[in-house]
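Structure, as structure tokens:
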Amino acid sequence: MVRVTNGYTRHRRHKKFRKLAKWFRLGRKNVYKQIRLALIKQGINAYEWRKLKKRDFRKLWIERLNAAVRERWSKYSVFMGKMNEKDIRLNRKVLSNIALAFPKVFDKIYEEVMS
């Protein structure tokens with residue numbers, strides 16, 4: 001009886017995973033078991049960091065706004081509170097970009113909010 005080793009089928013199946021692990025280091029790019037574990041961990045980390053990235057950007061926008069508002073002798077919390085009172089609906093991302101790129105426009109927004 002001929003011994004069947006499934007060489008071709010296994011090679012094709014492993015090839016997909018090796019392609020995904022191309023840039024890993026040491027055995028994590030050569031050894032199939034380690035490749036599988038590394039790819040699972042990579043997927044978990046990618047999922048977690050997609051969530052954390054949103055938090056980090058919001059923190060960045062708040063820090064930028066705080067810096068821009070403090071240059072005008074006020075506080076971020078007061079500024080955002082008055083924005084809500086006056087029902088001005090600009091989100092933090094847009095406000096921080098305006099404060100960075102167009103300071104004169106931000107001055108006008110600030111005066112409108114604080115008046």
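Each chain in the structure tokens gets a letter, A, B and so on, in the order shown; residues start at 1 in every chain, and ligands are counted from 1 in the order they appear.
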Within 9 Å of stretch 53-63 of chain A, counting only C-alpha atoms, which residues show up once you throw out same-chain ones fewer than 2 positions away? Write them as a list in words, please. Glu48, Trp49, Arg50, Lys51, Leu65, Asn66, Ala67, Ala68, Tyr76, Arg92, Lys93, Val94, Leu95, Ser96 and Asn97 of chain A
Dump of C-alpha atoms for the selected residues, as a PDB file, in the first residue's frame:
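The resulting file, again-v5.pdb, is reproduced below:
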ATOM      1  CA  GLU A  48      -7.946  46.145  20.466  1.00  0.00           C
ATOM      2  CA  TRP A  49      -5.867  48.911  18.872  1.00  0.00           C
ATOM      3  CA  ARG A  50      -8.670  49.916  16.526  1.00  0.00           C
ATOM      4  CA  LYS A  51     -10.654  50.763  19.651  1.00  0.00           C
ATOM      5  CA  LEU A  65      -8.277  72.590  22.013  1.00  0.00           C
ATOM      6  CA  ASN A  66      -7.199  73.071  25.606  1.00  0.00           C
ATOM      7  CA  ALA A  67      -3.919  74.629  24.435  1.00  0.00           C
ATOM      8  CA  ALA A  68      -5.711  76.915  21.983  1.00  0.00           C
ATOM      9  CA  TYR A  76     -11.383  73.971  27.941  1.00  0.00           C
ATOM     10  CA  ARG A  92     -13.650  68.424  18.814  1.00  0.00           C
ATOM     11  CA  LYS A  93     -11.902  67.163  15.688  1.00  0.00           C
ATOM     12  CA  VAL A  94     -13.098  70.066  13.558  1.00  0.00           C
ATOM     13  CA  LEU A  95     -12.411  72.632  16.281  1.00  0.00           C
ATOM     14  CA  SER A  96      -8.866  71.392  16.868  1.00  0.00           C
ATOM     15  CA  ASN A  97      -8.118  71.412  13.140  1.00  0.00           C
TER      16      ASN A  97
END
Contact residues around A:Phe24 with only C-alpha atoms at 12 Å, ignoring same-chain residues under 2 positions, as a PDB file with C-alpha atoms, in the first residue's frame:
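Result written to part-v1.pdb:
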ATOM      1  CA  PHE A  17      -0.543  31.448   6.428  1.00  0.00           C
ATOM      2  CA  ARG A  18       3.151  31.820   5.585  1.00  0.00           C
ATOM      3  CA  LYS A  19       2.279  34.628   3.187  1.00  0.00           C
ATOM      4  CA  LEU A  20       0.499  36.520   5.991  1.00  0.00           C
ATOM      5  CA  ALA A  21       3.473  36.021   8.336  1.00  0.00           C
ATOM      6  CA  LYS A  22       6.050  37.151   5.797  1.00  0.00           C
ATOM      7  CA  LEU A  26      12.603  34.072  13.647  1.00  0.00           C
ATOM      8  CA  GLY A  27      10.423  30.950  13.856  1.00  0.00           C
ATOM      9  CA  ARG A  28       7.237  32.971  13.702  1.00  0.00           C
ATOM     10  CA  LYS A  29       7.659  33.189   9.923  1.00  0.00           C
ATOM     11  CA  ASN A  30       8.871  29.626   9.289  1.00  0.00           C
ATOM     12  CA  VAL A  31       7.222  27.270  11.765  1.00  0.00           C
ATOM     13  CA  GLN A  34       4.099  29.499  15.602  1.00  0.00           C
ATOM     14  CA  ILE A  35       2.742  31.266  12.527  1.00  0.00           C
ATOM     15  CA  ARG A  36      -0.819  30.316  13.477  1.00  0.00           C
ATOM     16  CA  LEU A  37      -0.399  31.538  17.048  1.00  0.00           C
ATOM     17  CA  ALA A  38       1.281  34.754  15.901  1.00  0.00           C
ATOM     18  CA  LEU A  39      -1.522  35.503  13.441  1.00  0.00           C
ATOM     19  CA  GLN A  42      -1.944  39.813  15.647  1.00  0.00           C
TER      20      GLN A  42
END
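Counting only C-alpha atoms, the residue from A:Ala46, A:Ala101, A:Ile40, A:Leu90 that sits nearest to A:Arg64 is A:Ala101.
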In Å and to one decimal, atom CA of A:Val113 is distant from atom CA of A:Lys75 by 12.6 Å
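Separating atom CA of A:Arg12 from atom CA of A:Tyr32 is a distance of 12.3 Å.
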I'd like to know which residues of chain A are helix (DSSP H, G or I) (by DSSP, run on the backbone); could you write them as a ChimeraX atom specification? /A:7-20,26-29,32-70,76-85,92-101,103-114
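Checking A:Arg3, A:Lys16, A:His11, A:Ile109 one by one against A:Lys82, counting only C-alpha atoms, you find the shortest gap at A:Ile109.
Of the listed residues A:Val105, A:Leu52, A:Ile88, A:Ala99, the one whose atoms come nearest to A:Glu71 is A:Ala99, with distances taken using only C-alpha atoms.
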